[in-house]
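Let me begin by presenting the structure, written as structure tokens, before commenting on it.
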Amino acid sequence: MPEKVPAKVTMEKIVSLCRRRGFIFPSSEIYGGLSSCWDYGPLGVELKRNVKQAWWQSVVHERDDMVGLDASILMHPQVWASSGHLEGFSDPLVECKTCHLRWRVDDLKENNCPSCGGELTEPRMFNLMFKTFMGPIEDEAATVYLRPETAQGMFVNFENVLNTTRKRLPFGIAQIGKAFRNEITTGNFIFRSREFEQMEIEYFVKPGTDKEWFDYWVKERLNWYLTLGIKKENLRLRQHMKKELAHYALDCYDIEYQFPMGWAELEGIANRGDFDLVQHAKYSGKSLVYFDDEVKKHYVPYVVEPSAGVDRSTLAVLCDAYDEELDNDEIRVVLRFHTKLAPIKVAILPLSRKEPVVELAKQVYTDLRQRWIVQYDDAQSIGRRYRRQDEIGTPYCVTIDFQSLEDNQATIRERDSMNQIRVPISTLKTVLTAKFNGEDLFVLPPGGQIWKGGEDKGQKN
Ligand code: ATP
């Protein structure tokens, strides 16, 4: 294996790679960008979809006790009064009397402006919800809000889901969707933005069993990040102190990741008691209770809420996968994504732009893309193409050369080890499927051979 360079992942490196390779761009860039809004480019959109798909698979498709939901972003304004957001979803804001920059008080380490050292105003509470108007005439129209979390869509649909799915407790509703917060201070790339995506679960349980389920979900969710290939040493749990807890929360843990700027929240898991259903029942006049056939009693379920951020998970995946190593006096940058998250699974690299190599390479490309997201790349030297695929985290490259025309074989090169094997083209699909399922690269199909010699095709063993 090539020597490691003691390079640290920095946010600058991640931002620059994301920009350069088409993962993430500043929003409206040709107009100078819009503060703290980001656009996911061709690779970023695939990566983010894979993160969401992994979550949905684990919390909905693989479970009998969970169902999905996709509620609208705009909701009845009363929802936000009942949930307490209208009154309480605020952060303390101070303004610098000299440079007029605004800061969130709980982010400040000193009493003066971090930018110019100027004196700060007294804190005032600033509501983070974005307002807009429903209807064509602003004055007459109802004020509505862009949801600051997806959770409320699940609470207000509790009865609908219960009646239509006939689920029994304990069961949960899962939802992925956009949320909007007019954050006072944003930054650290996609870590804190004003428009972001959440992956949230509301898990309804019998009161008295909530502590058990809370512990269960804390473990379950921490484990999910490990299944994405995130290193254990970069994850930790932090229990909220009493004074940090929202007034209705009985307990709360944050799952934190060691980002380049330090440990910070990826996901919060809260035991919310019966607060939300009680509030919505009170203000809607609907009875949001559950009839338990076993004890023949009505009660309001308690709720355990694991609430994760899609963008923060994507950022954690990017930071965790980033690696640099010395290879032939050059620095090789590799994104060592888990294969299920890699935006491009296989790259087809013909060693010539001439027929009939191209024809064969295109045939392989057409065949493999039926199963995976595959990229065809014939621009520049093979070494540069390998580097490009390493930098975007493609797990396998398949090289078609002149010899392939004679022996009907292709070379598979593995991203992490840079080892190569040569296999019959007719076996490519089965071999790659096996490798994606975790089989060692050097387990060969009949007729397969191990190749040595790095990127320049090398000699047969
Ligand atoms: P923070 O303390 O960082 O502001 P929070 O505790 O307010 O976060 P929650 O309300 O628990 O966050 O939201 C659940 C998840 O949604 C967070 O763990 C995070 O992953 C994501 N999230 C919240 N706010 C943002 C944001 N402004 N940008 C990106 N993701 C966010």
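A note on labels: chains of the structure tokens are A, B, ... as shown, every chain counts residues from 1, and ligands are counted from 1 in their shown order.
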Hey, could you make a per-residue contact list for chain A against ligand 1 with 9 Å as the cut-off, showing the nearest pair of atoms and its distance in Å to one decimal, counting only C-alpha atoms and all ligand atoms, sorted by chain and number, as JSON lines?
```
{"residue": "A:Ser36", "atom": "CA", "partner": "ligand 1", "partner_atom_place_in_ligand_line": "28 (N)", "distance": 8.9}
{"residue": "A:Pro148", "atom": "CA", "partner": "ligand 1", "partner_atom_place_in_ligand_line": "10 (O)", "distance": 8.1}
{"residue": "A:Glu149", "atom": "CA", "partner": "ligand 1", "partner_atom_place_in_ligand_line": "10 (O)", "distance": 7.0}
{"residue": "A:Ala179", "atom": "CA", "partner": "ligand 1", "partner_atom_place_in_ligand_line": "25 (C)", "distance": 8.2}
{"residue": "A:Phe180", "atom": "CA", "partner": "ligand 1", "partner_atom_place_in_ligand_line": "27 (N)", "distance": 7.5}
{"residue": "A:Arg181", "atom": "CA", "partner": "ligand 1", "partner_atom_place_in_ligand_line": "27 (N)", "distance": 6.0}
{"residue": "A:Asn182", "atom": "CA", "partner": "ligand 1", "partner_atom_place_in_ligand_line": "27 (N)", "distance": 7.9}
{"residue": "A:Glu183", "atom": "CA", "partner": "ligand 1", "partner_atom_place_in_ligand_line": "27 (N)", "distance": 6.2}
{"residue": "A:Thr185", "atom": "CA", "partner": "ligand 1", "partner_atom_place_in_ligand_line": "27 (N)", "distance": 9.0}
{"residue": "A:Thr186", "atom": "CA", "partner": "ligand 1", "partner_atom_place_in_ligand_line": "27 (N)", "distance": 7.0}
{"residue": "A:Gly187", "atom": "CA", "partner": "ligand 1", "partner_atom_place_in_ligand_line": "28 (N)", "distance": 8.8}
{"residue": "A:Ile190", "atom": "CA", "partner": "ligand 1", "partner_atom_place_in_ligand_line": "29 (C)", "distance": 6.4}
{"residue": "A:Phe191", "atom": "CA", "partner": "ligand 1", "partner_atom_place_in_ligand_line": "29 (C)", "distance": 5.1}
{"residue": "A:Arg192", "atom": "CA", "partner": "ligand 1", "partner_atom_place_in_ligand_line": "28 (N)", "distance": 3.4}
{"residue": "A:Ser193", "atom": "CA", "partner": "ligand 1", "partner_atom_place_in_ligand_line": "28 (N)", "distance": 4.1}
{"residue": "A:Arg194", "atom": "CA", "partner": "ligand 1", "partner_atom_place_in_ligand_line": "27 (N)", "distance": 5.3}
{"residue": "A:Glu195", "atom": "CA", "partner": "ligand 1", "partner_atom_place_in_ligand_line": "28 (N)", "distance": 6.7}
{"residue": "A:Phe196", "atom": "CA", "partner": "ligand 1", "partner_atom_place_in_ligand_line": "29 (C)", "distance": 5.1}
{"residue": "A:Glu197", "atom": "CA", "partner": "ligand 1", "partner_atom_place_in_ligand_line": "30 (N)", "distance": 6.7}
{"residue": "A:Gln198", "atom": "CA", "partner": "ligand 1", "partner_atom_place_in_ligand_line": "16 (O)", "distance": 5.4}
{"residue": "A:Met199", "atom": "CA", "partner": "ligand 1", "partner_atom_place_in_ligand_line": "16 (O)", "distance": 7.7}
{"residue": "A:Glu200", "atom": "CA", "partner": "ligand 1", "partner_atom_place_in_ligand_line": "14 (C)", "distance": 7.8}
{"residue": "A:Asp254", "atom": "CA", "partner": "ligand 1", "partner_atom_place_in_ligand_line": "18 (O)", "distance": 7.4}
{"residue": "A:Ile255", "atom": "CA", "partner": "ligand 1", "partner_atom_place_in_ligand_line": "18 (O)", "distance": 7.9}
{"residue": "A:Glu256", "atom": "CA", "partner": "ligand 1", "partner_atom_place_in_ligand_line": "18 (O)", "distance": 8.7}
{"residue": "A:Ala264", "atom": "CA", "partner": "ligand 1", "partner_atom_place_in_ligand_line": "3 (O)", "distance": 7.3}
{"residue": "A:Glu265", "atom": "CA", "partner": "ligand 1", "partner_atom_place_in_ligand_line": "18 (O)", "distance": 5.4}
{"residue": "A:Leu266", "atom": "CA", "partner": "ligand 1", "partner_atom_place_in_ligand_line": "20 (O)", "distance": 4.4}
{"residue": "A:Glu267", "atom": "CA", "partner": "ligand 1", "partner_atom_place_in_ligand_line": "18 (O)", "distance": 3.5}
{"residue": "A:Gly268", "atom": "CA", "partner": "ligand 1", "partner_atom_place_in_ligand_line": "11 (O)", "distance": 4.9}
{"residue": "A:Ile269", "atom": "CA", "partner": "ligand 1", "partner_atom_place_in_ligand_line": "11 (O)", "distance": 7.7}
{"residue": "A:Ala270", "atom": "CA", "partner": "ligand 1", "partner_atom_place_in_ligand_line": "11 (O)", "distance": 8.5}
{"residue": "A:Pro306", "atom": "CA", "partner": "ligand 1", "partner_atom_place_in_ligand_line": "14 (C)", "distance": 8.1}
{"residue": "A:Ser307", "atom": "CA", "partner": "ligand 1", "partner_atom_place_in_ligand_line": "14 (C)", "distance": 4.7}
{"residue": "A:Ala308", "atom": "CA", "partner": "ligand 1", "partner_atom_place_in_ligand_line": "15 (C)", "distance": 4.4}
{"residue": "A:Gly309", "atom": "CA", "partner": "ligand 1", "partner_atom_place_in_ligand_line": "20 (O)", "distance": 3.2}
{"residue": "A:Val310", "atom": "CA", "partner": "ligand 1", "partner_atom_place_in_ligand_line": "20 (O)", "distance": 6.7}
{"residue": "A:Asp311", "atom": "CA", "partner": "ligand 1", "partner_atom_place_in_ligand_line": "29 (C)", "distance": 6.0}
{"residue": "A:Arg312", "atom": "CA", "partner": "ligand 1", "partner_atom_place_in_ligand_line": "20 (O)", "distance": 5.3}
{"residue": "A:Ser313", "atom": "CA", "partner": "ligand 1", "partner_atom_place_in_ligand_line": "20 (O)", "distance": 7.2}
```
Create the file for the chosen residues now, containing N, CA and C atoms and written as a short mmCIF file (atom, residue, chain, number, x, y, z; two decimals), in the first residue's frame.
```cif
data_model
loop_
_atom_site.label_atom_id
_atom_site.label_comp_id
_atom_site.auth_asym_id
_atom_site.auth_seq_id
_atom_site.Cartn_x
_atom_site.Cartn_y
_atom_site.Cartn_z
N SER A 36 -25.42 31.00 2.52
CA SER A 36 -25.80 29.75 3.19
C SER A 36 -26.84 28.92 2.44
N PRO A 148 -40.14 24.58 9.78
CA PRO A 148 -38.77 24.57 10.29
C PRO A 148 -38.32 23.16 10.68
N GLU A 149 -39.22 22.19 10.58
CA GLU A 149 -38.90 20.78 10.83
C GLU A 149 -39.97 19.95 10.15
N ALA A 179 -36.57 21.48 5.18
CA ALA A 179 -36.96 22.33 6.30
C ALA A 179 -36.21 23.65 6.14
N PHE A 180 -36.76 24.70 6.73
CA PHE A 180 -36.19 26.03 6.53
C PHE A 180 -36.05 26.73 7.88
N ARG A 181 -34.89 27.29 8.12
CA ARG A 181 -34.71 28.07 9.36
C ARG A 181 -33.91 29.31 9.03
N ASN A 182 -34.42 30.43 9.48
CA ASN A 182 -33.72 31.69 9.22
C ASN A 182 -32.62 31.85 10.26
N GLU A 183 -31.62 30.98 10.18
CA GLU A 183 -30.54 30.93 11.18
C GLU A 183 -29.83 32.28 11.25
N THR A 185 -26.65 32.81 12.52
CA THR A 185 -25.31 32.58 11.96
C THR A 185 -25.29 31.23 11.27
N THR A 186 -24.83 31.25 10.04
CA THR A 186 -24.76 30.01 9.28
C THR A 186 -23.28 29.71 9.09
N GLY A 187 -23.00 28.69 8.31
CA GLY A 187 -21.59 28.48 7.99
C GLY A 187 -21.17 27.04 8.09
N ILE A 190 -22.20 23.01 4.24
CA ILE A 190 -23.60 22.59 4.34
C ILE A 190 -24.00 22.19 5.76
N PHE A 191 -23.09 22.41 6.74
CA PHE A 191 -23.43 22.01 8.11
C PHE A 191 -24.62 22.81 8.64
N ARG A 192 -24.58 24.11 8.44
CA ARG A 192 -25.70 24.94 8.90
C ARG A 192 -26.12 25.88 7.78
N SER A 193 -27.27 25.58 7.20
CA SER A 193 -27.76 26.45 6.14
C SER A 193 -29.19 26.85 6.48
N ARG A 194 -29.77 27.65 5.61
CA ARG A 194 -31.13 28.12 5.92
C ARG A 194 -32.18 27.23 5.28
N GLU A 195 -31.78 26.51 4.27
CA GLU A 195 -32.67 25.53 3.65
C GLU A 195 -31.92 24.21 3.69
N PHE A 196 -32.51 23.20 4.30
CA PHE A 196 -31.81 21.93 4.44
C PHE A 196 -32.84 20.80 4.45
N GLU A 197 -32.32 19.57 4.50
CA GLU A 197 -33.24 18.43 4.50
C GLU A 197 -33.09 17.65 5.81
N GLN A 198 -34.22 17.15 6.27
CA GLN A 198 -34.19 16.34 7.49
C GLN A 198 -34.68 14.92 7.20
N MET A 199 -34.25 13.99 8.03
CA MET A 199 -34.77 12.62 7.99
C MET A 199 -35.26 12.37 9.42
N GLU A 200 -36.57 12.36 9.59
CA GLU A 200 -37.09 12.30 10.96
C GLU A 200 -38.02 11.10 11.17
N ASP A 254 -27.55 13.71 21.64
CA ASP A 254 -27.10 14.08 20.31
C ASP A 254 -26.10 13.04 19.84
N ILE A 255 -26.20 12.66 18.57
CA ILE A 255 -25.11 11.90 17.96
C ILE A 255 -24.22 12.95 17.33
N GLU A 256 -22.95 12.96 17.73
CA GLU A 256 -22.05 13.98 17.21
C GLU A 256 -20.99 13.35 16.33
N ALA A 264 -19.67 18.12 16.45
CA ALA A 264 -20.93 18.85 16.29
C ALA A 264 -22.06 17.89 15.96
N GLU A 265 -23.28 18.37 16.22
CA GLU A 265 -24.47 17.49 16.13
C GLU A 265 -24.79 17.03 14.71
N LEU A 266 -25.00 15.71 14.62
CA LEU A 266 -25.48 15.11 13.37
C LEU A 266 -26.97 14.85 13.48
N GLU A 267 -27.35 14.40 14.66
CA GLU A 267 -28.74 13.94 14.88
C GLU A 267 -29.09 14.11 16.35
N GLY A 268 -30.35 14.45 16.60
CA GLY A 268 -30.83 14.52 17.98
C GLY A 268 -31.89 13.45 18.20
N ILE A 269 -31.83 12.77 19.35
CA ILE A 269 -32.87 11.77 19.65
C ILE A 269 -33.51 12.19 20.97
N ALA A 270 -34.81 12.46 20.90
CA ALA A 270 -35.48 13.01 22.08
C ALA A 270 -36.66 12.14 22.50
N PRO A 306 -36.10 10.38 16.69
CA PRO A 306 -34.74 10.53 16.13
C PRO A 306 -34.79 11.47 14.93
N SER A 307 -34.07 12.58 15.03
CA SER A 307 -34.16 13.62 13.99
C SER A 307 -32.78 13.92 13.43
N ALA A 308 -32.60 13.53 12.15
CA ALA A 308 -31.26 13.63 11.56
C ALA A 308 -31.26 14.62 10.41
N GLY A 309 -30.10 15.13 10.06
CA GLY A 309 -29.97 16.05 8.94
C GLY A 309 -29.35 15.34 7.75
N VAL A 310 -29.99 15.48 6.59
CA VAL A 310 -29.45 14.84 5.38
C VAL A 310 -28.12 15.50 5.00
N ASP A 311 -28.10 16.83 5.06
CA ASP A 311 -26.90 17.55 4.61
C ASP A 311 -25.73 17.30 5.57
N ARG A 312 -26.04 17.27 6.86
CA ARG A 312 -24.95 17.01 7.82
C ARG A 312 -24.43 15.59 7.68
N SER A 313 -25.33 14.63 7.42
CA SER A 313 -24.88 13.25 7.23
C SER A 313 -24.01 13.18 5.97
#
```
(request) Can you check which residues of region 218-343 of chain A DSSP gives as alpha helix (DSSP H) on the backbone and send them as a PyMOL selection string? (result) chain A and resi 218-227+275-284+310-321
Selection to disk with C-alpha atoms, as an mmCIF file, in the first residue's frame:
```cif
data_model
loop_
_atom_site.group_PDB
_atom_site.id
_atom_site.type_symbol
_atom_site.label_atom_id
_atom_site.label_comp_id
_atom_site.auth_asym_id
_atom_site.auth_seq_id
_atom_site.Cartn_x
_atom_site.Cartn_y
_atom_site.Cartn_z
ATOM 1 C CA VAL A 218 -30.160 5.874 20.476
ATOM 2 C CA LYS A 219 -28.250 2.632 19.834
ATOM 3 C CA GLU A 220 -30.004 1.908 16.562
ATOM 4 C CA ARG A 221 -29.312 5.322 15.116
ATOM 5 C CA LEU A 222 -25.674 5.409 16.204
ATOM 6 C CA ASN A 223 -25.241 2.050 14.549
ATOM 7 C CA TRP A 224 -26.710 3.351 11.292
ATOM 8 C CA TYR A 225 -23.819 5.767 10.848
ATOM 9 C CA LEU A 226 -21.414 2.851 11.260
ATOM 10 C CA THR A 227 -23.224 0.980 8.480
ATOM 11 C CA PHE A 275 -46.441 16.806 24.409
ATOM 12 C CA ASP A 276 -47.100 17.008 20.668
ATOM 13 C CA LEU A 277 -50.231 14.863 20.457
ATOM 14 C CA VAL A 278 -51.715 16.557 23.518
ATOM 15 C CA GLN A 279 -51.074 20.015 22.052
ATOM 16 C CA HIS A 280 -52.575 19.175 18.657
ATOM 17 C CA ALA A 281 -55.584 17.496 20.292
ATOM 18 C CA LYS A 282 -56.146 20.552 22.446
ATOM 19 C CA TYR A 283 -56.012 23.076 19.584
ATOM 20 C CA SER A 284 -57.647 21.016 16.812
ATOM 21 C CA VAL A 310 -29.450 14.843 5.376
ATOM 22 C CA ASP A 311 -26.900 17.546 4.610
ATOM 23 C CA ARG A 312 -24.954 17.007 7.820
ATOM 24 C CA SER A 313 -24.876 13.247 7.226
ATOM 25 C CA THR A 314 -23.670 13.881 3.663
ATOM 26 C CA LEU A 315 -20.975 16.222 4.962
ATOM 27 C CA ALA A 316 -19.895 13.644 7.553
ATOM 28 C CA VAL A 317 -19.718 10.978 4.845
ATOM 29 C CA LEU A 318 -17.577 13.266 2.672
ATOM 30 C CA CYS A 319 -15.206 14.207 5.511
ATOM 31 C CA ASP A 320 -14.892 10.618 6.690
ATOM 32 C CA ALA A 321 -14.190 9.275 3.217
#
```
(request) Pick out the residues sitting within 6 Å of Arg104 (chain A), and hand them over as a list in words; count only C-alpha atoms, and ignore anything fewer than 2 positions along from it in its own chain. (result)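 Result of the neighbour search: Pro92, Leu93, Asp106, Asp107 and Ile184 of chain A.
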(message) Between CA of Pro114 (chain A) and CA of Lys97 (chain A), what distance in Å does the model show, to one decimal?
(response) 12.3 Å
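Take CA of Pro123 (chain A) and CA of Val94 (chain A): the distance between them is 4.7 Å.
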(message) I need the residue nearest Gln363 (chain A) from this list: A:Ser83, A:Thr10, A:Ser426, A:Asn328. Use only C-alpha atoms for the distance.
(response) A:Ser426
(message) From a backbone DSSP assignment, name each residue in region 101-292 of chain A labelled strand (DSSP E or B), as a ChimeraX atom specification.
(response) /A:102-104,120,124-127,130-134,142-146,171-180,187,192,195-205,235-239,251-259,262-273,290-292
Neighbour list for Lys435 (chain A) as a CSV table (one decimal) with C-alpha atoms, in the first residue's frame, cut-off 12 Å, only C-alpha atoms, skip fewer than 3 positions in-chain:
```csv
chain,number,residue,atom,x,y,z
A,339,THR,CA,-19.8,1.3,-2.0
A,340,LYS,CA,-23.5,1.8,-1.4
A,345,LYS,CA,-20.2,2.7,-9.0
A,346,VAL,CA,-18.1,1.7,-12.0
A,395,PRO,CA,-15.1,1.9,-6.2
A,396,TYR,CA,-14.2,0.0,-9.5
A,412,ILE,CA,-10.9,-4.4,-12.9
A,413,ARG,CA,-9.1,-2.0,-10.7
A,414,GLU,CA,-10.1,-1.5,-7.1
A,415,ARG,CA,-10.1,2.1,-5.8
A,421,ILE,CA,-7.6,-8.4,-11.7
A,428,LEU,CA,-18.1,-8.8,-15.4
A,429,LYS,CA,-21.6,-8.4,-14.0
A,430,THR,CA,-21.4,-11.4,-11.6
A,431,VAL,CA,-17.8,-10.5,-10.5
A,432,LEU,CA,-18.7,-6.9,-9.8
A,438,GLY,CA,-17.9,-7.7,-0.1
A,439,GLU,CA,-16.0,-10.5,-1.8
A,440,ASP,CA,-12.2,-10.1,-1.8
A,441,LEU,CA,-10.9,-8.7,-5.1
A,442,PHE,CA,-8.6,-11.6,-5.6
A,443,VAL,CA,-11.3,-14.2,-5.6
A,444,LEU,CA,-11.3,-14.9,-9.4
A,445,PRO,CA,-13.9,-16.3,-11.8
```
(request) Select, from A:Leu245, A:Tyr302, A:Gln239, A:Met11, the residue with the minimum atom-to-atom distance to Trp213 (chain A), counting only C-alpha atoms. (result)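 With only C-alpha atoms as the atom set, the closest residue is A:Tyr302.
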(message) Ranking A:Leu250, A:Cys116, A:Ala81, A:Leu169 by minimum distance to Thr98 (chain A) and counting only C-alpha atoms, which one comes first?
(response)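 Among A:Leu250, A:Cys116, A:Ala81, A:Leu169, it is A:Cys116 that comes nearest to Thr98 (chain A).
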(request) List the neighbours of region 370-387 of chain A out to 9 Å using only C-alpha atoms; skip same-chain residues closer than 4 positions along the sequence, and give me the result as a list of chain:residue names. (result)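 Counting only C-alpha atoms, the residues come to A:Arg332, A:Val333, A:Val334, A:Pro343, A:Ile344, A:Lys345, A:Val346, A:Ala347, A:Ile348, A:Leu349, A:Pro350, A:Leu351, A:Ser352, A:Arg353, A:Ala361, A:Lys362, A:Tyr365, A:Thr366, A:Glu391, A:Ile392, A:Cys397, A:Thr399, A:Arg413, A:Arg415, A:Lys429, A:Glu455, A:Asp456.
Nearest to Asn234 (chain A) of all the residues A:Pro260, A:Val51, A:Gln409, A:Ala246 is A:Pro260, based on only C-alpha atoms.
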(request) Report the distance between CA of Lys178 (chain A) and CA of Thr150 (chain A) in Å, rounded to one decimal place. (result)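 Between CA of Lys178 (chain A) and CA of Thr150 (chain A) the gap works out to 7.4 Å.
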